[in-house]
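S.K.: What follows is the file entry_23.cif, containing mmCIF, C-alpha atoms:
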data_entry
#
loop_
_atom_site.label_atom_id
_atom_site.label_comp_id
_atom_site.auth_asym_id
_atom_site.auth_seq_id
_atom_site.Cartn_x
_atom_site.Cartn_y
_atom_site.Cartn_z
CA MET A 573 0.00 0.00 0.00
CA ALA A 574 1.68 3.14 -1.19
CA ASP A 575 -0.81 5.53 0.31
CA PHE A 576 -0.72 3.98 3.74
CA ASN A 577 -0.54 6.45 6.60
CA LEU A 578 -1.91 6.83 10.10
CA ALA A 579 -5.00 8.63 8.85
CA SER A 580 -6.05 5.70 6.65
CA ILE A 581 -6.49 3.51 9.72
CA GLY A 582 -7.70 6.43 11.81
CA LEU A 583 -4.79 6.54 14.21
CA ASP A 584 -3.93 10.17 13.48
CA VAL A 585 -6.57 11.50 15.90
CA LEU A 586 -4.76 9.78 18.72
CA PHE A 587 -1.91 12.26 18.51
CA LYS A 588 -4.10 15.35 18.25
CA GLY A 589 -4.36 17.47 21.36
CA LYS A 590 -4.78 15.47 24.53
CA ASN A 591 -6.70 12.61 22.94
CA MET A 592 -4.40 9.79 24.07
CA ALA A 593 -4.35 11.16 27.63
CA ARG A 594 -8.15 11.44 27.56
CA LEU A 595 -8.50 7.82 26.47
CA ILE A 596 -6.19 6.60 29.22
CA GLY A 597 -8.10 8.76 31.68
CA GLY A 598 -11.32 7.11 30.49
CA LEU A 599 -9.84 3.68 31.08
CA GLY A 600 -8.80 4.96 34.51
CA VAL A 601 -12.46 5.62 35.36
CA ALA A 602 -13.38 2.04 34.43
CA LEU A 603 -10.42 0.65 36.37
CA LYS A 604 -11.24 2.77 39.42
CA ILE A 605 -14.81 1.43 39.49
CA SER A 606 -13.64 -2.15 39.13
CA LEU A 607 -10.94 -1.93 41.78
CA LEU A 608 -13.32 -0.30 44.28
CA ALA A 609 -15.89 -3.01 43.58
CA VAL A 610 -13.26 -5.73 43.98
CA ALA A 611 -12.09 -4.22 47.26
CA ILE A 612 -15.67 -4.40 48.56
CA SER A 613 -16.52 -7.78 47.00
CA ILE A 614 -13.63 -9.85 48.30
CA PRO A 615 -14.17 -9.41 52.05
CA SER A 616 -17.97 -9.48 51.82
CA GLY A 617 -17.85 -12.45 49.44
CA ILE A 618 -15.64 -14.37 51.85
CA LEU A 619 -18.08 -13.61 54.67
CA LEU A 620 -21.14 -14.75 52.68
CA GLY A 621 -19.29 -17.79 51.35
CA VAL A 622 -18.44 -18.93 54.86
CA LEU A 623 -22.03 -18.25 55.98
CA MET A 624 -23.24 -20.48 53.14
CA THR A 625 -21.42 -23.48 54.55
CA TRP A 626 -23.33 -23.05 57.81
CA GLU A 627 -25.91 -25.58 58.81
CA ASN A 628 -28.67 -22.99 59.34
CA LYS A 629 -31.23 -23.76 56.63
CA ILE A 630 -33.02 -20.39 56.69
CA VAL A 631 -29.81 -18.37 56.35
CA ARG A 632 -28.70 -20.66 53.56
CA PHE A 633 -31.99 -20.39 51.69
CA PHE A 634 -32.05 -16.59 51.66
CA LEU A 635 -28.40 -16.33 50.74
CA ARG A 636 -28.95 -18.79 47.93
CA VAL A 637 -31.87 -16.87 46.46
CA TYR A 638 -29.88 -13.62 46.61
CA LEU A 639 -26.76 -15.14 45.09
CA GLU A 640 -28.58 -17.03 42.34
CA PHE A 641 -30.61 -13.99 41.32
CA ILE A 642 -27.55 -11.77 41.09
CA ARG A 643 -25.57 -14.40 39.23
CA ILE A 644 -28.26 -15.26 36.70
CA MET A 645 -29.21 -11.69 35.76
CA PRO A 646 -27.05 -10.01 33.12
CA GLN A 647 -24.95 -7.34 34.83
CA LEU A 648 -26.42 -4.77 32.48
CA VAL A 649 -29.92 -5.55 33.79
CA LEU A 650 -28.67 -5.04 37.35
CA LEU A 651 -27.14 -1.72 36.29
CA PHE A 652 -30.46 -0.63 34.80
CA ILE A 653 -32.37 -1.67 37.92
CA VAL A 654 -30.12 0.32 40.23
CA PHE A 655 -29.56 3.29 37.94
CA PHE A 656 -33.09 3.84 36.61
CA GLY A 657 -34.98 2.06 39.36
CA SER A 658 -33.51 3.89 42.32
CA THR A 659 -34.47 7.29 40.94
CA LYS A 660 -37.98 6.27 40.10
CA ILE A 661 -38.90 3.91 42.92
CA MET A 662 -36.90 5.17 45.88
CA LYS A 663 -36.77 8.80 44.72
CA LEU A 664 -33.02 8.76 45.21
CA HIS A 665 -30.60 10.25 42.77
CA VAL A 666 -27.80 7.81 42.19
CA SER A 667 -25.03 8.88 39.81
CA GLY A 668 -23.93 6.47 37.09
CA GLU A 669 -20.63 5.90 38.79
CA MET A 670 -22.24 5.25 42.16
CA ALA A 671 -24.76 2.86 40.58
CA SER A 672 -21.89 0.98 38.92
CA ILE A 673 -19.97 0.62 42.14
CA ILE A 674 -23.09 -0.68 43.93
CA VAL A 675 -23.94 -3.17 41.18
CA PHE A 676 -20.43 -4.49 40.67
CA SER A 677 -19.96 -4.86 44.42
CA LEU A 678 -23.21 -6.83 44.71
CA TRP A 679 -22.27 -8.96 41.71
CA GLY A 680 -18.66 -9.43 42.81
CA THR A 681 -19.82 -10.42 46.29
CA ALA A 682 -22.12 -13.07 44.84
CA GLU A 683 -19.39 -14.46 42.57
CA MET A 684 -16.79 -14.40 45.33
CA ALA A 685 -19.18 -16.07 47.78
CA ASP A 686 -19.75 -18.85 45.26
CA LEU A 687 -16.00 -19.33 44.79
CA VAL A 688 -15.45 -19.42 48.56
CA ARG A 689 -18.29 -21.89 49.07
CA GLY A 690 -16.91 -24.08 46.29
CA ALA A 691 -13.38 -23.96 47.69
CA LEU A 692 -14.52 -24.69 51.25
CA SER A 693 -16.73 -27.60 50.27
CA SER A 694 -14.00 -29.08 48.08
CA ILE A 695 -11.88 -29.71 51.20
CA PRO A 696 -12.34 -33.42 51.92
CA LYS A 697 -14.16 -34.38 55.10
CA HIS A 698 -11.22 -36.40 56.42
CA GLN A 699 -9.26 -33.16 56.86
CA TYR A 700 -11.73 -32.05 59.52
CA GLU A 701 -11.86 -35.51 61.05
CA SER A 702 -8.09 -35.90 61.21
CA ALA A 703 -7.76 -32.47 62.79
CA ALA A 704 -10.38 -33.42 65.39
CA ALA A 705 -8.58 -36.70 66.03
CA LEU A 706 -5.36 -34.76 66.67
CA GLY A 707 -7.24 -32.80 69.32
CA LEU A 708 -7.46 -29.46 67.51
CA THR A 709 -10.32 -27.18 68.45
CA LYS A 710 -12.76 -25.94 65.83
CA THR A 711 -11.01 -22.56 65.58
CA GLN A 712 -7.60 -24.21 65.32
CA THR A 713 -8.86 -26.56 62.63
CA PHE A 714 -10.22 -23.66 60.64
CA PHE A 715 -7.16 -21.43 60.84
CA HIS A 716 -4.39 -24.03 60.64
CA VAL A 717 -5.87 -26.76 58.47
CA ILE A 718 -8.76 -25.56 56.35
CA LEU A 719 -7.82 -21.94 55.65
CA PRO A 720 -4.33 -22.53 54.17
CA GLN A 721 -5.72 -25.14 51.77
CA THR A 722 -8.69 -22.99 50.84
CA ILE A 723 -6.50 -19.97 50.06
CA ARG A 724 -4.42 -21.98 47.61
CA ARG A 725 -7.54 -23.02 45.76
CA LEU A 726 -9.11 -19.62 46.04
CA LEU A 727 -6.37 -17.17 45.16
CA PRO A 728 -6.00 -17.96 41.43
CA ILE A 729 -9.76 -17.90 40.81
CA SER A 730 -10.26 -14.71 42.79
CA ILE A 731 -7.51 -13.03 40.79
CA ASN A 732 -9.46 -14.07 37.71
CA LEU A 733 -12.49 -12.36 39.20
CA ILE A 734 -10.54 -9.08 38.99
CA THR A 735 -10.12 -9.44 35.22
CA ARG A 736 -13.81 -10.33 34.88
CA MET A 737 -14.65 -7.24 36.88
CA ILE A 738 -12.46 -5.02 34.68
CA LYS A 739 -14.05 -6.44 31.53
CA THR A 740 -17.56 -6.04 32.91
CA THR A 741 -17.05 -2.39 33.85
CA SER A 742 -17.01 -1.58 30.12
CA LEU A 743 -20.82 -1.79 30.50
CA VAL A 744 -20.99 1.44 32.49
CA LEU A 745 -20.99 3.24 29.13
CA MET A 746 -24.61 2.15 28.84
CA ILE A 747 -25.72 4.13 31.88
CA GLY A 748 -23.93 7.28 30.80
CA VAL A 749 -20.67 7.09 32.72
CA ILE A 750 -17.89 8.85 30.80
CA GLU A 751 -15.36 6.05 30.46
CA VAL A 752 -12.97 5.03 27.74
CA LEU A 753 -15.56 4.03 25.10
CA LYS A 754 -17.54 7.22 25.66
CA VAL A 755 -14.37 9.30 25.31
CA ALA A 756 -13.65 7.47 22.04
CA GLN A 757 -17.18 8.22 20.79
CA GLN A 758 -16.66 11.90 21.59
CA ILE A 759 -13.32 11.99 19.77
CA ILE A 760 -14.79 10.18 16.75
CA GLU A 761 -17.71 12.59 16.66
CA ALA A 762 -15.45 15.66 16.89
CA ASN A 763 -13.21 14.45 14.07
CA ARG A 764 -15.90 13.04 11.80
CA ALA A 765 -15.02 15.30 8.86
CA LYS A 766 -11.23 15.36 9.08
CA SER A 767 -10.59 11.76 9.94
CA PRO A 768 -13.50 9.53 9.02
CA ASN A 769 -11.62 6.35 9.89
CA ALA A 770 -11.06 7.31 13.52
CA ALA A 771 -13.47 4.56 14.69
CA PHE A 772 -11.06 1.86 13.54
CA GLY A 773 -7.98 3.33 15.16
CA LEU A 774 -9.61 4.31 18.44
CA TYR A 775 -11.52 1.08 19.03
CA LEU A 776 -8.38 -0.86 18.15
CA VAL A 777 -6.44 1.14 20.74
CA ILE A 778 -9.13 0.52 23.38
CA PHE A 779 -9.08 -3.17 22.50
CA ILE A 780 -5.32 -3.21 23.11
CA LEU A 781 -5.61 -1.11 26.30
CA TYR A 782 -8.14 -3.53 27.81
CA PHE A 783 -5.95 -6.44 26.82
CA LEU A 784 -2.92 -4.82 28.47
CA ALA A 785 -4.95 -4.25 31.64
CA CYS A 786 -6.31 -7.80 31.90
CA TRP A 787 -3.69 -10.05 30.37
CA PRO A 788 -0.95 -9.68 33.04
CA ILE A 789 -3.52 -10.40 35.76
CA SER A 790 -4.74 -13.52 33.92
CA MET A 791 -1.15 -14.67 33.52
CA LEU A 792 -0.54 -14.26 37.26
CA ALA A 793 -3.64 -16.34 38.02
CA LYS A 794 -2.51 -19.04 35.59
CA TYR A 795 0.96 -19.08 37.11
CA LEU A 796 -0.36 -19.47 40.66
CA GLU A 797 -2.79 -22.14 39.56
CA LYS A 798 0.02 -24.20 38.04
CA LYS A 799 2.33 -23.63 40.99
CA TRP A 800 -0.22 -24.75 43.56
CA LYS A 801 -1.83 -27.50 41.54
CA VAL A 802 -3.34 -30.01 43.94
CA MET B 1094 -47.59 -1.29 38.85
CA ASN B 1095 -49.55 -0.42 35.72
CA TRP B 1096 -50.82 -3.76 34.43
CA ALA B 1097 -52.47 -2.29 31.35
CA PHE B 1098 -49.09 -0.95 30.28
CA ILE B 1099 -47.53 -4.35 30.87
CA ALA B 1100 -50.22 -6.10 28.82
CA LYS B 1101 -49.82 -3.61 26.02
CA TYR B 1102 -46.05 -3.96 25.71
CA LEU B 1103 -45.80 -7.67 26.45
CA PRO B 1104 -45.73 -8.60 22.74
CA MET B 1105 -42.89 -6.15 22.15
CA TYR B 1106 -40.83 -7.86 24.86
CA GLU B 1107 -41.76 -11.25 23.48
CA LYS B 1108 -40.40 -10.29 20.09
CA ALA B 1109 -37.25 -8.89 21.68
CA ALA B 1110 -36.83 -12.05 23.76
CA TRP B 1111 -36.93 -14.16 20.59
CA LEU B 1112 -34.21 -11.99 19.12
CA THR B 1113 -32.10 -12.51 22.25
CA VAL B 1114 -32.68 -16.28 22.10
CA LYS B 1115 -31.96 -16.44 18.37
CA THR B 1116 -28.74 -14.44 18.41
CA GLY B 1117 -27.65 -16.16 21.60
CA THR B 1118 -28.28 -19.65 20.24
CA ALA B 1119 -26.58 -18.94 16.93
CA GLY B 1120 -23.57 -17.45 18.73
CA ILE B 1121 -23.38 -20.38 21.14
CA VAL B 1122 -23.59 -23.01 18.38
CA LEU B 1123 -20.77 -21.27 16.52
CA SER B 1124 -18.80 -21.00 19.78
CA VAL B 1125 -19.07 -24.74 20.34
CA ILE B 1126 -17.81 -25.46 16.80
CA ILE B 1127 -14.90 -23.01 17.17
CA GLY B 1128 -14.22 -24.35 20.66
CA ILE B 1129 -14.04 -27.99 19.54
CA ILE B 1130 -11.77 -27.19 16.59
CA CYS B 1131 -9.46 -25.02 18.71
CA ALA B 1132 -9.34 -27.57 21.55
CA ALA B 1133 -8.42 -30.31 19.04
CA ILE B 1134 -5.66 -28.12 17.57
CA LEU B 1135 -4.24 -27.50 21.05
CA TYR B 1136 -4.55 -31.16 22.02
CA TYR B 1137 -2.78 -32.47 18.91
CA ARG B 1138 -0.21 -29.67 19.14
CA VAL B 1139 -0.63 -28.78 15.48
CA PRO B 1140 2.37 -26.58 14.62
CA ILE B 1141 1.75 -22.90 13.80
CA LEU B 1142 -2.03 -23.26 14.19
CA ARG B 1143 -1.45 -23.99 17.86
CA ARG B 1144 0.26 -20.62 18.30
CA LEU B 1145 -2.58 -18.87 16.50
CA VAL B 1146 -5.20 -20.57 18.65
CA SER B 1147 -3.53 -19.71 21.94
CA THR B 1148 -3.07 -16.10 20.84
CA TYR B 1149 -6.74 -15.97 19.86
CA VAL B 1150 -7.79 -17.45 23.21
CA GLU B 1151 -5.74 -14.91 25.18
CA ILE B 1152 -6.99 -11.96 23.14
CA SER B 1153 -10.60 -12.99 23.24
CA ARG B 1154 -10.66 -13.84 26.95
CA ASN B 1155 -8.90 -10.66 28.06
CA THR B 1156 -11.07 -8.08 26.31
CA PRO B 1157 -14.73 -7.15 26.95
CA LEU B 1158 -17.40 -8.22 24.45
CA LEU B 1159 -18.60 -4.61 24.23
CA VAL B 1160 -15.19 -3.48 22.99
CA GLN B 1161 -14.99 -6.43 20.58
CA LEU B 1162 -18.42 -5.54 19.19
CA PHE B 1163 -17.57 -1.85 18.78
CA PHE B 1164 -14.42 -2.79 16.92
CA ILE B 1165 -16.21 -5.25 14.64
CA TYR B 1166 -19.30 -3.10 14.08
CA TYR B 1167 -17.92 0.45 13.91
CA GLY B 1168 -14.19 -0.03 13.38
CA ILE B 1169 -13.58 -2.75 10.80
CA PRO B 1170 -16.03 -1.39 8.14
CA LYS B 1171 -14.10 1.92 8.07
CA VAL B 1172 -10.99 0.24 6.77
CA THR B 1173 -12.32 -2.73 4.81
CA GLY B 1174 -15.50 -1.11 3.53
CA ILE B 1175 -17.45 -4.28 4.39
CA LYS B 1176 -20.53 -3.26 6.35
CA THR B 1177 -22.33 -5.98 8.26
CA ASP B 1178 -25.73 -5.60 9.90
CA ALA B 1179 -26.06 -5.54 13.68
CA PHE B 1180 -27.62 -9.02 13.79
CA THR B 1181 -24.71 -10.74 12.01
CA CYS B 1182 -22.23 -8.61 13.89
CA GLY B 1183 -23.67 -9.62 17.25
CA ILE B 1184 -23.48 -13.30 16.38
CA VAL B 1185 -19.91 -12.96 15.08
CA GLY B 1186 -18.87 -11.07 18.22
CA LEU B 1187 -20.48 -13.62 20.51
CA ALA B 1188 -18.84 -16.49 18.61
CA PHE B 1189 -15.47 -14.74 18.81
CA LEU B 1190 -15.84 -14.43 22.58
CA GLY B 1191 -17.52 -17.78 23.20
CA GLY B 1192 -15.11 -19.77 21.02
CA SER B 1193 -12.25 -19.16 23.41
CA TYR B 1194 -14.32 -19.98 26.50
CA MET B 1195 -15.57 -23.21 24.95
CA CYS B 1196 -12.04 -24.05 23.79
CA GLU B 1197 -10.67 -23.72 27.33
CA THR B 1198 -13.51 -25.81 28.76
CA PHE B 1199 -13.14 -28.61 26.20
CA ARG B 1200 -9.34 -28.56 26.39
CA SER B 1201 -9.37 -29.04 30.15
CA GLY B 1202 -11.97 -31.76 29.62
CA ILE B 1203 -9.75 -33.64 27.16
CA GLU B 1204 -6.69 -33.16 29.35
CA ALA B 1205 -8.52 -34.66 32.32
CA ILE B 1206 -8.82 -37.99 30.49
CA GLU B 1207 -6.10 -40.42 31.49
CA PRO B 1208 -3.55 -41.25 28.76
CA ILE B 1209 -4.37 -44.96 29.14
CA GLN B 1210 -7.65 -44.32 27.32
CA GLU B 1211 -5.90 -43.12 24.21
CA GLU B 1212 -3.25 -45.82 24.43
CA SER B 1213 -5.85 -48.56 24.71
CA ALA B 1214 -7.77 -47.14 21.78
CA LYS B 1215 -4.56 -47.12 19.74
CA ALA B 1216 -3.87 -50.72 20.76
CA LEU B 1217 -7.33 -51.65 19.51
CA GLY B 1218 -6.39 -50.22 16.13
CA LEU B 1219 -8.51 -47.08 16.09
CA ASN B 1220 -7.17 -44.24 13.98
CA LYS B 1221 -6.66 -40.67 15.21
CA PHE B 1222 -10.09 -39.52 14.05
CA GLN B 1223 -11.86 -42.53 15.56
CA ILE B 1224 -10.05 -42.03 18.87
CA MET B 1225 -11.23 -38.44 18.97
CA ARG B 1226 -14.78 -39.23 17.87
CA TYR B 1227 -15.49 -42.37 19.91
CA VAL B 1228 -13.09 -42.29 22.87
CA LEU B 1229 -11.93 -38.80 23.80
CA LEU B 1230 -14.78 -36.54 22.78
CA PRO B 1231 -17.64 -38.36 24.57
CA GLN B 1232 -15.66 -38.47 27.81
CA ALA B 1233 -14.37 -34.93 27.45
CA LEU B 1234 -17.89 -33.65 26.84
CA SER B 1235 -19.27 -35.21 29.99
CA ILE B 1236 -16.32 -34.03 32.09
CA SER B 1237 -16.60 -30.49 30.75
CA PHE B 1238 -20.40 -30.39 30.96
CA PRO B 1239 -20.63 -28.14 34.06
CA GLY B 1240 -18.20 -25.70 32.46
CA PHE B 1241 -20.16 -25.89 29.23
CA VAL B 1242 -23.43 -24.96 30.95
CA ALA B 1243 -21.71 -22.10 32.76
CA ASN B 1244 -20.46 -20.87 29.37
CA VAL B 1245 -23.92 -21.11 27.80
CA ILE B 1246 -25.43 -19.03 30.61
CA PHE B 1247 -22.54 -16.58 30.47
CA LEU B 1248 -22.93 -16.12 26.70
CA MET B 1249 -26.72 -15.79 26.90
CA LYS B 1250 -26.20 -13.06 29.51
CA GLU B 1251 -23.58 -11.37 27.37
CA THR B 1252 -26.13 -10.89 24.56
CA SER B 1253 -27.51 -8.04 26.70
CA VAL B 1254 -24.75 -5.77 25.35
CA PHE B 1255 -26.07 -6.18 21.80
CA SER B 1256 -28.31 -3.21 22.48
CA ALA B 1257 -25.15 -1.08 22.24
CA ILE B 1258 -24.97 -1.80 18.51
CA SER B 1259 -28.69 -1.00 18.30
CA LEU B 1260 -29.97 -4.53 18.02
CA MET B 1261 -33.55 -4.44 19.29
CA ASP B 1262 -33.16 -6.98 22.05
CA LEU B 1263 -34.62 -7.01 25.58
CA MET B 1264 -32.24 -4.37 26.92
CA PHE B 1265 -32.93 -2.10 23.96
CA THR B 1266 -36.68 -2.46 24.38
CA ALA B 1267 -36.53 -1.71 28.10
CA LYS B 1268 -34.34 1.33 27.61
CA ASP B 1269 -36.61 2.54 24.83
CA LEU B 1270 -39.76 2.23 26.94
CA ILE B 1271 -38.11 3.92 29.93
CA GLY B 1272 -37.03 6.76 27.67
CA VAL B 1273 -40.31 7.22 25.85
CA PHE B 1274 -42.97 6.58 28.52
CA TYR B 1275 -41.00 6.93 31.74
CA LYS B 1276 -42.64 3.69 32.92
CA THR B 1277 -39.48 2.58 34.70
CA LYS B 1278 -40.99 0.11 37.14
CA GLU B 1279 -43.01 -1.80 34.55
CA SER B 1280 -40.22 -1.83 31.97
CA LEU B 1281 -37.65 -3.13 34.45
CA PHE B 1282 -40.11 -5.70 35.80
CA LEU B 1283 -40.73 -7.11 32.32
CA LEU B 1284 -37.00 -7.08 31.62
CA VAL B 1285 -36.23 -9.16 34.69
CA VAL B 1286 -39.12 -11.56 34.05
CA PHE B 1287 -38.07 -12.22 30.45
CA TYR B 1288 -34.43 -12.78 31.34
CA LEU B 1289 -35.54 -15.22 34.04
CA ILE B 1290 -37.73 -17.05 31.50
CA ILE B 1291 -34.72 -17.44 29.22
CA LEU B 1292 -31.98 -18.15 31.75
CA LEU B 1293 -33.63 -20.06 34.59
CA PRO B 1294 -34.53 -23.16 32.52
CA ILE B 1295 -30.97 -23.39 31.17
CA SER B 1296 -29.59 -23.20 34.69
CA LEU B 1297 -32.07 -25.76 36.10
CA LEU B 1298 -31.71 -28.16 33.16
CA GLY B 1299 -27.95 -27.84 33.43
CA SER B 1300 -27.81 -28.83 37.08
CA PHE B 1301 -30.31 -31.65 36.45
CA ILE B 1302 -28.19 -33.18 33.66
CA GLU B 1303 -25.05 -32.62 35.70
CA ARG B 1304 -26.50 -34.65 38.57
CA ARG B 1305 -27.51 -37.43 36.14
CA LEU B 1306 -24.03 -37.48 34.61
CA ARG B 1307 -22.37 -37.69 37.99
CA ARG B 1308 -24.53 -40.61 39.00
CA GLY B 1309 -24.28 -42.49 35.71
#
Could you quickly redo this structure as structure tokens?

M.R.:
Amino acid sequence: MADFNLASIGLDVLFKGKNMARLIGGLGVALKISLLAVAISIPSGILLGVLMTWENKIVRFFLRVYLEFIRIMPQLVLLFIVFFGSTKIMKLHVSGEMASIIVFSLWGTAEMADLVRGALSSIPKHQYESAAALGLTKTQTFFHVILPQTIRRLLPISINLITRMIKTTSLVLMIGVIEVLKVAQQIIEANRAKSPNAAFGLYLVIFILYFLACWPISMLAKYLEKKWKV
Amino acid sequence: MNWAFIAKYLPMYEKAAWLTVKTGTAGIVLSVIIGIICAAILYYRVPILRRLVSTYVEISRNTPLLVQLFFIYYGIPKVTGIKTDAFTCGIVGLAFLGGSYMCETFRSGIEAIEPIQEESAKALGLNKFQIMRYVLLPQALSISFPGFVANVIFLMKETSVFSAISLMDLMFTAKDLIGVFYKTKESLFLLVVFYLIILLPISLLGSFIERRLRRG
């Protein structure tokens, strides 16, 4: 291609003004939401996950209904419920960013709780029995026998939850949060006449940015999973 | 709750739900085909192709579907000049995403089968294709069934982002009705009900079959 240049694939707009910095800033908004949600989800998910292994049938039933509902609904539906629903039904004004943090925390908690429950119930019964036979108390059994094994199973999959969270936050565009895709739309709109191919270049860059944000985390999870393979 | 409103717009949701089911099913079927082919390539360690497949899997699993769709729908036509409609684009995007998930699920399923199975099949004189078709695949499918169901539910849920490329699915309909009539409660109620109608049976059927498989 003799006439190949940056404009033909729409990458020229990237170097105009502060466009690149704006895009990165937009990704920052998405990352901020996901990290906040992860920070809330992990402790509360662990708590709920442990509660789910309790014998109490009523607690378990209500937790189950909550967790299954959150996990089966598309995250976008949950975003709509909180964002549009809270204004209309509870007469509260919730900003898009706030709604996203609430929804992703609720969702992350449900996912994390499920992972914790799975990891805890995958510990064979004889581990508890052997610990009891050695004369360990319930607390000792939990902290010295069960917890270390659970963490090894749990850590790689919870790291993966972070990448899922980052990917899912791209949805906040749909409730009007100004994040990376919205910034790209604004740049494309502003340069429609001068660089009609901007959509290709910008969405390609966002594609790569998301990949760069998630891939290292996935690799870390894979590495830990291999290292601790049981 | 305004029941007259709900009755009036029920058919609209029904139509949208069919669109969700149709695009979802088409995308999932394609995902399974891509997944099986990619898993086989990884399993047989086909040179060159193997590299391509693992690159594809990493790229597809580490980027959001929404970004993939925007790139396919708005980006690619600018450079190639090939414009696809939203319906095709949604299915292609879902297959691109789902293919890698299915591939990982099937690959771990095949890898979980003990090598003695393949060795015995070889000793019995089965060829490579027969081993795959009659020995490995049936076992791999039943081992990876729980993962497969999780993928199906995940992909069905992911179709909700199709509204971003203006496909008139459930999300699009709900957003439209909220915008036009400001009937937020009713629109959201119908949205939740229809997603439950689509997703709950898959989830229940999945766990039912899983229990049967584990027993048998």

S.K.: Got a sec to resolve the PyMOL selection byres ((chain B) within 8 of (chain A)) on this structure and send the residues as an MDAnalysis selection string?

M.R.: chainID B and resid 1151:1152 1155:1157 1159:1161 1163:1164 1167:1169 1171:1172 1246 1250:1251 1253:1254 1257 1264 1277:1278 1281 1284:1285 1288:1289 1292:1293

S.K.: What is the CA of Ser1124 in chain B-CA of Ala1205 in chain B distance in Å, reported with one decimal?

M.R.: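 Between CA of Ser1124 in chain B and CA of Ala1205 in chain B the gap is 21.2 Å.
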
S.K.: I need the output of the PyMOL selection byres ((chain B and resi 1208-1225) around 12) for this file as a list of chain:residue names; which residues are they?

M.R.: B:Ile1129, B:Ile1130, B:Ala1132, B:Ala1133, B:Ile1134, B:Tyr1136, B:Tyr1137, B:Ile1203, B:Glu1204, B:Ala1205, B:Ile1206, B:Glu1207, B:Arg1226, B:Tyr1227, B:Val1228, B:Leu1229, B:Leu1230, B:Pro1231, B:Gln1232, B:Ala1233, B:Leu1234

S.K.: Let me see the file: selected residues, C-alpha atoms, as a compact mmCIF listing (two decimals), in the coordinates of the input.

M.R.:
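Written output follows (out_38.txt):
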# COMPACT_ATOMS: atom_id res chain seq x y z
CA ILE B 1129 -14.04 -27.99 19.54
CA ILE B 1130 -11.77 -27.19 16.59
CA ALA B 1132 -9.34 -27.57 21.55
CA ALA B 1133 -8.42 -30.31 19.04
CA ILE B 1134 -5.66 -28.12 17.57
CA TYR B 1136 -4.55 -31.16 22.02
CA TYR B 1137 -2.78 -32.47 18.91
CA ILE B 1203 -9.75 -33.64 27.16
CA GLU B 1204 -6.69 -33.16 29.35
CA ALA B 1205 -8.52 -34.66 32.32
CA ILE B 1206 -8.82 -37.99 30.49
CA GLU B 1207 -6.10 -40.42 31.49
CA ARG B 1226 -14.78 -39.23 17.87
CA TYR B 1227 -15.49 -42.37 19.91
CA VAL B 1228 -13.09 -42.29 22.87
CA LEU B 1229 -11.93 -38.80 23.80
CA LEU B 1230 -14.78 -36.54 22.78
CA PRO B 1231 -17.64 -38.36 24.57
CA GLN B 1232 -15.66 -38.47 27.81
CA ALA B 1233 -14.37 -34.93 27.45
CA LEU B 1234 -17.89 -33.65 26.84

S.K.: Which residues are near range 591-601 of chain A? Cut-off 7 Å, all atoms listed in the file, ignore same chain within fewer than 6 positions. Put them as number ranges by chain.

M.R.: A: 750-752, 755-756

S.K.: List the neighbours of Ser1280 in chain B out to 9 Å using all atoms listed in the file; skip same-chain residues closer than 3 positions along the sequence, and give me the result as a JSON list (two decimals) with C-alpha atoms, keeping the file's coordinate frame.

M.R.:
[["chain", "number", "residue", "atom", "x", "y", "z"],
["B", 1099, "ILE", "CA", -47.53, -4.35, 30.87],
["B", 1102, "TYR", "CA", -46.05, -3.96, 25.71],
["B", 1266, "THR", "CA", -36.68, -2.46, 24.38],
["B", 1267, "ALA", "CA", -36.53, -1.71, 28.10],
["B", 1268, "LYS", "CA", -34.34, 1.33, 27.61],
["B", 1270, "LEU", "CA", -39.76, 2.23, 26.94],
["B", 1271, "ILE", "CA", -38.11, 3.92, 29.93],
["B", 1275, "TYR", "CA", -41.00, 6.93, 31.74],
["B", 1276, "LYS", "CA", -42.64, 3.69, 32.92],
["B", 1277, "THR", "CA", -39.48, 2.58, 34.70],
["B", 1283, "LEU", "CA", -40.73, -7.11, 32.32],
["B", 1284, "LEU", "CA", -37.00, -7.08, 31.62],
["B", 1285, "VAL", "CA", -36.23, -9.16, 34.69]]

S.K.: Kindly resolve the PyMOL selection byres ((chain A and resi 639) around 9) on the present coordinates and return the residues as a list in words.

M.R.: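 Taken over the shown coordinates, the PyMOL selection byres ((chain A and resi 639) around 9) returns Phe634, Leu635, Arg636, Val637, Tyr638, Glu640, Phe641, Ile642, Arg643, Ile644, Trp679, Thr681, Ala682, Glu683, Ala685 and Asp686 of chain A.
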
S.K.: Hey, can you check how far CA of Asp1178 in chain B sits from CA of Ser767 in chain A?

M.R.: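 Going from CA of Asp1178 in chain B over to CA of Ser767 in chain A, I get 23.0 Å.
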
S.K.: Would you mind telling me which residue in B:Asp1269, B:Ser1235, B:Val1242, B:Val1146 lies nearest to Ser1296 in chain B when using only C-alpha atoms?

M.R.: B:Val1242

S.K.: Give me, please, the distance in Å between CA of Cys1182 in chain B and CA of Asp584 in chain A, quoted to one decimal.

M.R.: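 So the answer is 26.2 Å.
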
S.K.: From the set A:Met684, A:Leu792, A:Leu719, A:Met670, which residue has the shortest atom-to-atom contact distance to Val610 in chain A, counting only C-alpha atoms?

M.R.: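 Checking each of A:Met684, A:Leu792, A:Leu719, A:Met670 against Val610 in chain A, counting only C-alpha atoms, the winner is A:Met684.
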
S.K.: Which is closest to Ser616 in chain A among A:Leu678, A:Leu603, A:Met662, A:Ala579, if we use only C-alpha atoms?

M.R.: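 Smallest distance to Ser616 in chain A is found for A:Leu678.
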